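> Next up, query_21.cif (mmCIF, C-alpha atoms).
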```cif
data_protein
loop_
_atom_site.group_PDB
_atom_site.id
_atom_site.type_symbol
_atom_site.label_atom_id
_atom_site.label_comp_id
_atom_site.auth_asym_id
_atom_site.auth_seq_id
_atom_site.Cartn_x
_atom_site.Cartn_y
_atom_site.Cartn_z
ATOM 1 C CA MET A 235 -19.190 -10.023 -17.868
ATOM 2 C CA ALA A 236 -20.389 -9.939 -21.484
ATOM 3 C CA LEU A 237 -16.914 -8.968 -22.674
ATOM 4 C CA THR A 238 -15.359 -11.814 -20.696
ATOM 5 C CA VAL A 239 -17.748 -14.322 -22.254
ATOM 6 C CA ALA A 240 -17.131 -12.920 -25.753
ATOM 7 C CA GLU A 241 -13.354 -12.985 -25.099
ATOM 8 C CA PRO A 242 -12.109 -9.654 -26.459
ATOM 9 C CA TRP A 243 -9.603 -9.752 -23.611
ATOM 10 C CA ARG A 244 -8.092 -6.283 -23.932
ATOM 11 C CA GLU A 245 -11.512 -4.631 -23.934
ATOM 12 C CA ALA A 246 -12.571 -6.753 -20.959
ATOM 13 C CA ALA A 247 -9.472 -5.762 -18.985
ATOM 14 C CA ASP A 248 -9.989 -2.093 -19.834
ATOM 15 C CA ALA A 249 -13.622 -2.301 -18.698
ATOM 16 C CA ARG A 250 -12.576 -3.896 -15.414
ATOM 17 C CA GLY A 251 -10.061 -1.110 -14.906
ATOM 18 C CA ARG A 252 -12.786 1.499 -15.325
ATOM 19 C CA VAL A 253 -15.031 -0.287 -12.818
ATOM 20 C CA LEU A 254 -12.233 -0.481 -10.254
ATOM 21 C CA SER A 255 -11.356 3.175 -10.801
ATOM 22 C CA TRP A 256 -14.991 4.161 -10.235
ATOM 23 C CA LEU A 257 -15.128 2.021 -7.096
ATOM 24 C CA ARG A 258 -11.999 3.633 -5.666
ATOM 25 C CA ASN A 259 -13.376 7.105 -6.332
ATOM 26 C CA ALA A 260 -16.835 6.266 -4.986
ATOM 27 C CA THR A 261 -15.542 4.742 -1.751
ATOM 28 C CA GLY A 262 -12.562 6.995 -1.119
ATOM 29 C CA LEU A 263 -10.494 3.971 -0.143
ATOM 30 C CA SER A 264 -6.724 4.280 -0.341
ATOM 31 C CA SER A 265 -6.572 0.771 -1.756
ATOM 32 C CA LEU A 266 -9.130 -1.806 -2.812
ATOM 33 C CA PHE A 267 -6.529 -4.429 -1.971
ATOM 34 C CA ASP A 268 -6.957 -3.662 1.740
ATOM 35 C CA VAL A 269 -9.926 -1.630 2.930
ATOM 36 C CA ALA A 270 -8.329 -1.078 6.353
ATOM 37 C CA VAL A 271 -5.214 0.819 5.267
ATOM 38 C CA ASP A 272 -5.008 4.588 4.958
ATOM 39 C CA THR A 273 -1.931 4.532 2.740
ATOM 40 C CA PRO A 274 -1.725 3.062 -0.781
ATOM 41 C CA LEU A 275 0.006 -0.301 -0.775
ATOM 42 C CA GLU A 276 2.610 1.037 -3.202
ATOM 43 C CA ALA A 277 3.734 3.505 -0.523
ATOM 44 C CA LEU A 278 3.709 0.850 2.184
ATOM 45 C CA ALA A 279 5.888 -1.391 0.012
ATOM 46 C CA ALA A 280 8.436 1.303 -0.812
ATOM 47 C CA GLY A 281 10.894 -0.275 1.611
ATOM 48 C CA ALA A 282 10.777 -3.521 -0.340
ATOM 49 C CA GLU A 283 12.086 -1.779 -3.450
ATOM 50 C CA GLU A 284 15.045 -0.357 -1.567
ATOM 51 C CA PHE A 285 15.770 -3.741 0.013
ATOM 52 C CA MET A 286 15.523 -5.716 -3.226
ATOM 53 C CA ASN A 287 17.820 -3.293 -5.044
ATOM 54 C CA SER A 288 20.513 -3.326 -2.367
ATOM 55 C CA ALA A 289 23.858 -4.634 -3.577
ATOM 56 C CA GLU A 290 23.895 -7.468 -1.039
ATOM 57 C CA VAL A 291 20.462 -8.811 -1.982
ATOM 58 C CA ARG A 292 21.077 -8.477 -5.710
ATOM 59 C CA LYS A 293 24.322 -10.411 -5.346
ATOM 60 C CA GLU A 294 22.624 -13.220 -3.400
ATOM 61 C CA LEU A 295 19.873 -13.453 -6.028
ATOM 62 C CA GLY A 296 22.306 -13.333 -8.927
ATOM 63 C CA ALA A 297 20.348 -10.414 -10.398
ATOM 64 C CA ARG A 298 21.702 -8.617 -13.452
ATOM 65 C CA GLY A 299 22.977 -5.125 -12.872
ATOM 66 C CA ASP A 300 20.776 -3.693 -15.616
ATOM 67 C CA ALA A 301 17.550 -5.184 -14.225
ATOM 68 C CA PRO A 302 16.344 -3.133 -11.246
ATOM 69 C CA TRP A 303 13.576 -4.570 -9.083
ATOM 70 C CA VAL A 304 10.346 -2.567 -9.161
ATOM 71 C CA LEU A 305 7.064 -3.190 -7.374
ATOM 72 C CA ASN A 306 4.945 -2.584 -10.471
ATOM 73 C CA SER A 307 6.715 -2.884 -13.796
ATOM 74 C CA PRO A 308 4.941 -1.065 -16.664
ATOM 75 C CA ALA A 309 6.556 -3.493 -19.117
ATOM 76 C CA VAL A 310 5.250 -6.543 -17.250
ATOM 77 C CA GLU A 311 1.835 -4.960 -16.790
ATOM 78 C CA ALA A 312 1.570 -4.246 -20.514
ATOM 79 C CA ALA A 313 2.676 -7.774 -21.424
ATOM 80 C CA LEU A 314 0.070 -9.361 -19.134
ATOM 81 C CA HIS A 315 -2.748 -6.885 -19.746
ATOM 82 C CA ASP A 316 -4.661 -9.050 -22.205
ATOM 83 C CA ASP A 317 -4.521 -12.001 -19.790
ATOM 84 C CA GLU A 318 -5.975 -10.083 -16.850
ATOM 85 C CA MET A 319 -9.561 -11.210 -17.392
ATOM 86 C CA LYS A 320 -8.783 -14.783 -18.422
ATOM 87 C CA SER A 321 -10.101 -17.160 -15.794
ATOM 88 C CA ALA A 322 -7.747 -19.400 -13.844
ATOM 89 C CA LYS A 323 -10.629 -21.825 -13.325
ATOM 90 C CA PRO A 324 -9.665 -24.205 -16.192
ATOM 91 C CA ALA A 325 -6.155 -24.567 -14.769
ATOM 92 C CA VAL A 326 -7.508 -25.235 -11.266
ATOM 93 C CA GLN A 327 -9.956 -27.797 -12.651
ATOM 94 C CA ALA A 328 -7.131 -29.559 -14.491
ATOM 95 C CA LEU A 329 -5.126 -29.790 -11.272
ATOM 96 C CA LEU A 330 -8.075 -31.133 -9.287
ATOM 97 C CA ARG A 331 -8.767 -33.755 -11.964
ATOM 98 C CA GLY A 332 -5.114 -34.747 -12.141
ATOM 99 C CA PRO A 333 -3.102 -37.225 -10.082
ATOM 100 C CA ALA A 334 -4.362 -37.817 -6.555
ATOM 101 C CA SER A 335 -1.085 -36.471 -5.194
ATOM 102 C CA THR A 336 -1.786 -33.011 -6.641
ATOM 103 C CA ARG A 337 -3.259 -30.604 -4.089
ATOM 104 C CA VAL A 338 -4.637 -27.081 -4.541
ATOM 105 C CA LEU A 339 -4.476 -24.254 -1.992
ATOM 106 C CA VAL A 340 -6.544 -21.090 -2.448
ATOM 107 C CA TYR A 341 -6.298 -18.300 0.114
ATOM 108 C CA GLU A 342 -7.181 -14.620 0.365
ATOM 109 C CA GLY A 343 -7.607 -11.901 2.962
ATOM 110 C CA ILE A 344 -11.104 -10.830 3.968
ATOM 111 C CA ARG A 345 -10.173 -7.134 3.637
ATOM 112 C CA ASP A 346 -9.456 -7.485 -0.091
ATOM 113 C CA ALA A 347 -12.262 -5.641 -1.878
ATOM 114 C CA GLN A 348 -10.851 -6.296 -5.339
ATOM 115 C CA ASP A 349 -10.061 -10.013 -5.416
ATOM 116 C CA GLY A 350 -11.395 -11.147 -2.067
ATOM 117 C CA VAL A 351 -13.476 -13.875 -0.498
ATOM 118 C CA VAL A 352 -16.757 -13.118 -2.287
ATOM 119 C CA SER A 353 -15.282 -13.297 -5.789
ATOM 120 C CA VAL A 354 -13.158 -16.352 -4.976
ATOM 121 C CA GLU A 355 -16.109 -18.267 -3.551
ATOM 122 C CA ALA A 356 -18.138 -17.332 -6.646
ATOM 123 C CA TRP A 357 -15.747 -19.040 -9.061
ATOM 124 C CA LEU A 358 -15.092 -21.952 -6.712
ATOM 125 C CA ARG A 359 -18.834 -22.718 -6.862
ATOM 126 C CA GLU A 360 -18.548 -23.046 -10.641
ATOM 127 C CA LEU A 361 -15.728 -25.600 -10.698
ATOM 128 C CA GLU A 362 -16.391 -28.618 -12.881
ATOM 129 C CA TRP A 363 -14.980 -31.169 -10.471
ATOM 130 C CA ASP A 364 -16.526 -34.316 -9.053
ATOM 131 C CA GLY A 365 -15.578 -33.276 -5.524
ATOM 132 C CA LEU A 366 -17.354 -29.914 -5.664
ATOM 133 C CA ALA A 367 -20.570 -30.956 -3.897
ATOM 134 C CA ALA A 368 -18.639 -32.519 -1.029
ATOM 135 C CA PHE A 369 -16.410 -29.452 -0.814
ATOM 136 C CA GLN A 370 -19.422 -27.136 -0.603
ATOM 137 C CA ASP A 371 -20.989 -29.343 2.082
ATOM 138 C CA ALA A 372 -17.786 -29.450 4.107
ATOM 139 C CA PRO A 373 -17.884 -27.417 7.334
ATOM 140 C CA ARG A 374 -15.875 -24.249 7.638
ATOM 141 C CA ALA A 375 -13.422 -24.873 10.434
ATOM 142 C CA VAL A 376 -12.475 -21.933 12.619
ATOM 143 C CA TRP A 377 -8.731 -21.429 12.508
ATOM 144 C CA ARG A 378 -6.844 -20.071 15.486
ATOM 145 C CA ARG A 379 -3.179 -19.426 14.963
ATOM 146 C CA ARG A 380 -0.716 -21.584 16.872
ATOM 147 C CA SER A 381 0.856 -20.034 19.937
ATOM 148 C CA GLY A 382 4.301 -20.726 21.332
ATOM 149 C CA SER A 383 6.304 -23.869 20.720
ATOM 150 C CA GLY A 384 3.611 -26.313 21.774
ATOM 151 C CA GLY A 385 2.137 -26.466 18.299
ATOM 152 C CA GLY A 386 -1.499 -26.409 19.416
ATOM 153 C CA GLN A 387 -4.089 -23.844 18.417
ATOM 154 C CA GLY A 388 -3.945 -20.605 20.380
ATOM 155 C CA GLN A 389 -6.550 -17.950 21.023
ATOM 156 C CA LYS A 390 -5.720 -15.634 18.127
ATOM 157 C CA LEU A 391 -8.506 -15.935 15.567
ATOM 158 C CA ALA A 392 -6.843 -16.204 12.166
ATOM 159 C CA GLY A 393 -9.622 -17.146 9.736
ATOM 160 C CA TYR A 394 -11.535 -20.166 8.533
ATOM 161 C CA VAL A 395 -10.726 -23.204 6.432
ATOM 162 C CA GLN A 396 -12.961 -25.233 4.133
ATOM 163 C CA LYS A 397 -11.585 -28.319 2.442
ATOM 164 C CA HIS A 398 -12.352 -31.571 0.731
ATOM 165 C CA GLY A 399 -10.056 -33.934 -1.106
ATOM 166 C CA ALA A 400 -7.345 -32.022 -2.909
ATOM 167 C CA LEU A 401 -8.876 -28.549 -2.447
ATOM 168 C CA VAL A 402 -8.204 -26.308 0.552
ATOM 169 C CA HIS A 403 -9.695 -22.808 0.771
ATOM 170 C CA VAL A 404 -8.587 -20.368 3.469
ATOM 171 C CA ALA A 405 -10.050 -16.947 4.303
ATOM 172 C CA VAL A 406 -7.558 -14.972 6.384
ATOM 173 C CA TYR A 407 -8.685 -12.398 8.961
ATOM 174 C CA GLU A 408 -7.005 -9.004 9.379
ATOM 175 C CA ALA A 409 -5.451 -9.209 5.909
ATOM 176 C CA GLY A 410 -6.078 -7.887 2.440
ATOM 177 C CA HIS A 411 -4.612 -8.863 -0.928
ATOM 178 C CA LEU A 412 -1.071 -9.235 0.414
ATOM 179 C CA VAL A 413 -1.679 -11.806 3.145
ATOM 180 C CA PRO A 414 2.026 -12.500 3.901
ATOM 181 C CA ALA A 415 2.634 -8.769 4.402
ATOM 182 C CA ALA A 416 -0.364 -8.197 6.676
ATOM 183 C CA GLN A 417 -0.252 -11.491 8.589
ATOM 184 C CA PRO A 418 3.209 -13.048 8.131
ATOM 185 C CA ARG A 419 2.911 -15.600 10.936
ATOM 186 C CA ALA A 420 -0.495 -16.749 9.746
ATOM 187 C CA ALA A 421 0.756 -16.985 6.155
ATOM 188 C CA GLN A 422 3.746 -19.034 7.289
ATOM 189 C CA GLU A 423 1.455 -21.420 9.155
ATOM 190 C CA ILE A 424 -0.761 -21.858 6.090
ATOM 191 C CA ILE A 425 2.100 -22.516 3.688
ATOM 192 C CA GLU A 426 4.157 -24.774 5.941
ATOM 193 C CA ASP A 427 1.241 -26.937 7.061
ATOM 194 C CA TRP A 428 -0.137 -27.166 3.532
ATOM 195 C CA VAL A 429 3.244 -28.068 2.034
ATOM 196 C CA PHE A 430 3.796 -30.758 4.670
ATOM 197 C CA ASP A 431 0.145 -31.853 4.415
ATOM 198 C CA LYS A 432 -0.636 -31.656 8.101
ATOM 199 C CA GLY A 433 -3.020 -30.084 10.585
ATOM 200 C CA LEU A 434 -5.948 -27.951 9.553
ATOM 201 C CA PHE A 435 -4.477 -27.341 6.088
ATOM 202 C CA GLY A 436 -3.653 -30.959 5.356
ATOM 203 C CA THR A 437 -5.815 -33.552 3.629
ATOM 204 C CA ALA A 438 -5.501 -36.310 6.235
ATOM 205 C CA SER A 439 -8.900 -35.563 7.778
ATOM 206 C CA THR A 440 -10.834 -35.240 4.500
#
```
Represent the structure contained in this file as structure tokens.

Amino acid sequence: MALTVAEPWREAADARGRVLSWLRNATGLSSLFDVAVDTPLEALAAGAEEFMNSAEVRKELGARGDAPWVLNSPAVEAALHDDEMKSAKPAVQALLRGPASTRVLVYEGIRDAQDGVVSVEAWLRELEWDGLAAFQDAPRAVWRRRSGSGGGQGQKLAGYVQKHGALVHVAVYEAGHLVPAAQPRAAQEIIEDWVFDKGLFGTAST
């Protein structure tokens, strides 16, 4: 924390890396991104690399032949390393203070031990935004995923939603860091309803 406040960003990122490494070793978890999986996420996502590098997909995406798709690029990681510990809070605050038409969606899986619900709620509490008190007082609505074509809520518990004004926060059950991979139908429901500003993820009822 002291390094983050002092802003030597590379040292702060390196320190965070050491903490996460210790935590992985101390817990024996395959991945801090999802405490429920027995296989590292890199191994689980191996199929994505093969798919993205297939000739058909590369052609559809217009990808250059000399630019293979990789899950974790060392070059990208090195380029972004110094930014790893820079807070996104100022950018979120700017969006919330902007035009009324601008909305903010924050979501994460409850099985994410690295960047999960606890850490997200911690920085949300520190937002400098005139709607923060009302957001914190807003009830957490239980979210049950839609079933069938009727469009109503089903019985499958999917998470909870807290919202006020332009800010919507969703905690997703049975998911870790990669919510769309673990719960694709739930992720689709979040994104579609938020984009179209309707239902539990819309702002009409706030």
> So what do you get for atom CA of Phe435 of chain A versus atom CA of Phe267 of chain A, distance-wise?
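Distance reported for this atom pair: 24.4 Å.
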> Step by step, work through what the PyMOL selection byres ((chain A and resi 363-378) around 9) selects in the shown file, and finish by giving those residues as a ChimeraX atom specification.
/A:327-328,330-331,358-362,379-381,387-402,406,434
> Atom CA of Val429 of chain A to atom CA of Ser335 of chain A: how many Å, to one decimal?
11.9 Å
> Can you tell me which residues surround segment 268-281 of chain A at a distance of at most 7 Å, considering all atoms listed in the file, apart from same-chain residues fewer than 6 positions away, and format the answer as a tab-separated table (two decimals) with C-alpha atoms, keeping the file's coordinate frame?

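Contents of the output file result27.tsv:
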```
chain	number	residue	atom	x	y	z
A	345	ARG	CA	-10.17	-7.13	3.64
A	346	ASP	CA	-9.46	-7.48	-0.09
A	347	ALA	CA	-12.26	-5.64	-1.88
A	410	GLY	CA	-6.08	-7.89	2.44
A	411	HIS	CA	-4.61	-8.86	-0.93
```
> Report, in Å to a single decimal, how far apart atom CA of Gly332 of chain A and atom CA of Glu318 of chain A are.
25.1 Å
> Point out the residue among A:Ala325, A:Ala309, A:Ala405, A:Leu314 with the least atom-to-atom distance to Ser353 of chain A, counting all atoms listed in the file.
A:Ala405
> If you count all atoms listed in the file, which residues fall within 12 Å of Glu426 of chain A, apart from same-chain ones fewer than 6 positions away, as an mmCIF file with C-alpha atoms, in the coordinates of the input?

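Once everything was written out, this is selection.cif:
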```
data_model
loop_
_atom_site.group_PDB
_atom_site.id
_atom_site.type_symbol
_atom_site.label_atom_id
_atom_site.label_comp_id
_atom_site.auth_asym_id
_atom_site.auth_seq_id
_atom_site.Cartn_x
_atom_site.Cartn_y
_atom_site.Cartn_z
ATOM 1 C CA LEU A 339 -4.476 -24.254 -1.992
ATOM 2 C CA PRO A 418 3.209 -13.048 8.131
ATOM 3 C CA ARG A 419 2.911 -15.600 10.936
ATOM 4 C CA ALA A 420 -0.495 -16.749 9.746
ATOM 5 C CA LYS A 432 -0.636 -31.656 8.101
ATOM 6 C CA GLY A 433 -3.020 -30.084 10.585
ATOM 7 C CA LEU A 434 -5.948 -27.951 9.553
ATOM 8 C CA PHE A 435 -4.477 -27.341 6.088
ATOM 9 C CA GLY A 436 -3.653 -30.959 5.356
#
```
> For each of A:Glu342, A:Arg258, A:Asp431, A:Ala249, take the minimum atom-to-atom distance to Ala409 of chain A, counting only C-alpha atoms, then give the residue where this is smallest.
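The closest residue to Ala409 of chain A is A:Glu342.
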> For a quick check of understanding, using all atoms listed in the file, which of A:Gly343, A:Gly350, A:Ala356, A:Leu329 has the smallest distance to Ala421 of chain A?
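Looking only at the distances to Ala421 of chain A, the closest residue turns out to be A:Gly343.
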> Run the PyMOL selection byres ((chain A and resi 315) around 12) against the file shown and list the residues it catches, as a PyMOL selection string.
chain A and resi 242-251+307-314+316-320
> Around segment 329-340 of chain A, with edges along x, y and z and 6 Å added on all six sides, what centre and edge lengths do you get, in Å to one decimal, as lines of an AutoDock Vina configuration file?

```
center_x = -4.9
center_y = -29.5
center_z = -7.1
size_x = 19.7
size_y = 28.7
size_z = 22.1
```
> Can you complete the atoms of segment 406-423 of chain A to N, CA and C atoms and list them as a PDB file, keeping the file's coordinate frame?

```pdb
ATOM      1  N   VAL A 406      -8.452 -15.446   5.329  1.00  0.00           N
ATOM      2  CA  VAL A 406      -7.558 -14.972   6.384  1.00  0.00           C
ATOM      3  C   VAL A 406      -8.065 -13.660   6.968  1.00  0.00           C
ATOM      4  N   TYR A 407      -8.234 -13.608   8.277  1.00  0.00           N
ATOM      5  CA  TYR A 407      -8.685 -12.398   8.961  1.00  0.00           C
ATOM      6  C   TYR A 407      -7.554 -11.374   9.057  1.00  0.00           C
ATOM      7  N   GLU A 408      -7.942 -10.111   9.192  1.00  0.00           N
ATOM      8  CA  GLU A 408      -7.005  -9.004   9.379  1.00  0.00           C
ATOM      9  C   GLU A 408      -5.951  -8.948   8.272  1.00  0.00           C
ATOM     10  N   ALA A 409      -6.370  -9.252   7.050  1.00  0.00           N
ATOM     11  CA  ALA A 409      -5.451  -9.209   5.909  1.00  0.00           C
ATOM     12  C   ALA A 409      -6.221  -8.827   4.659  1.00  0.00           C
ATOM     13  N   GLY A 410      -5.500  -8.216   3.726  1.00  0.00           N
ATOM     14  CA  GLY A 410      -6.078  -7.887   2.440  1.00  0.00           C
ATOM     15  C   GLY A 410      -5.451  -8.751   1.356  1.00  0.00           C
ATOM     16  N   HIS A 411      -5.143  -8.137   0.222  1.00  0.00           N
ATOM     17  CA  HIS A 411      -4.612  -8.863  -0.928  1.00  0.00           C
ATOM     18  C   HIS A 411      -3.249  -9.486  -0.622  1.00  0.00           C
ATOM     19  N   LEU A 412      -2.429  -8.768   0.125  1.00  0.00           N
ATOM     20  CA  LEU A 412      -1.071  -9.235   0.414  1.00  0.00           C
ATOM     21  C   LEU A 412      -1.044  -9.886   1.793  1.00  0.00           C
ATOM     22  N   VAL A 413      -1.564 -11.099   1.865  1.00  0.00           N
ATOM     23  CA  VAL A 413      -1.679 -11.806   3.145  1.00  0.00           C
ATOM     24  C   VAL A 413      -0.333 -11.939   3.861  1.00  0.00           C
ATOM     25  N   PRO A 414       0.756 -12.349   3.185  1.00  0.00           N
ATOM     26  CA  PRO A 414       2.026 -12.500   3.901  1.00  0.00           C
ATOM     27  C   PRO A 414       2.547 -11.191   4.488  1.00  0.00           C
ATOM     28  N   ALA A 415       2.191 -10.061   3.874  1.00  0.00           N
ATOM     29  CA  ALA A 415       2.634  -8.769   4.402  1.00  0.00           C
ATOM     30  C   ALA A 415       1.824  -8.361   5.621  1.00  0.00           C
ATOM     31  N   ALA A 416       0.512  -8.608   5.575  1.00  0.00           N
ATOM     32  CA  ALA A 416      -0.364  -8.197   6.676  1.00  0.00           C
ATOM     33  C   ALA A 416      -0.318  -9.166   7.846  1.00  0.00           C
ATOM     34  N   GLN A 417      -0.238 -10.454   7.554  1.00  0.00           N
ATOM     35  CA  GLN A 417      -0.252 -11.491   8.589  1.00  0.00           C
ATOM     36  C   GLN A 417       0.844 -12.526   8.304  1.00  0.00           C
ATOM     37  N   PRO A 418       2.110 -12.141   8.501  1.00  0.00           N
ATOM     38  CA  PRO A 418       3.209 -13.048   8.131  1.00  0.00           C
ATOM     39  C   PRO A 418       3.209 -14.374   8.883  1.00  0.00           C
ATOM     40  N   ARG A 419       2.899 -14.344  10.172  1.00  0.00           N
ATOM     41  CA  ARG A 419       2.911 -15.600  10.936  1.00  0.00           C
ATOM     42  C   ARG A 419       1.782 -16.526  10.486  1.00  0.00           C
ATOM     43  N   ALA A 420       0.627 -15.941  10.227  1.00  0.00           N
ATOM     44  CA  ALA A 420      -0.495 -16.749   9.746  1.00  0.00           C
ATOM     45  C   ALA A 420      -0.182 -17.333   8.375  1.00  0.00           C
ATOM     46  N   ALA A 421       0.401 -16.510   7.492  1.00  0.00           N
ATOM     47  CA  ALA A 421       0.756 -16.985   6.155  1.00  0.00           C
ATOM     48  C   ALA A 421       1.775 -18.116   6.228  1.00  0.00           C
ATOM     49  N   GLN A 422       2.741 -17.980   7.122  1.00  0.00           N
ATOM     50  CA  GLN A 422       3.746 -19.034   7.289  1.00  0.00           C
ATOM     51  C   GLN A 422       3.093 -20.334   7.744  1.00  0.00           C
ATOM     52  N   GLU A 423       2.140 -20.225   8.661  1.00  0.00           N
ATOM     53  CA  GLU A 423       1.455 -21.420   9.155  1.00  0.00           C
ATOM     54  C   GLU A 423       0.670 -22.101   8.036  1.00  0.00           C
TER      55      GLU A 423
END
```
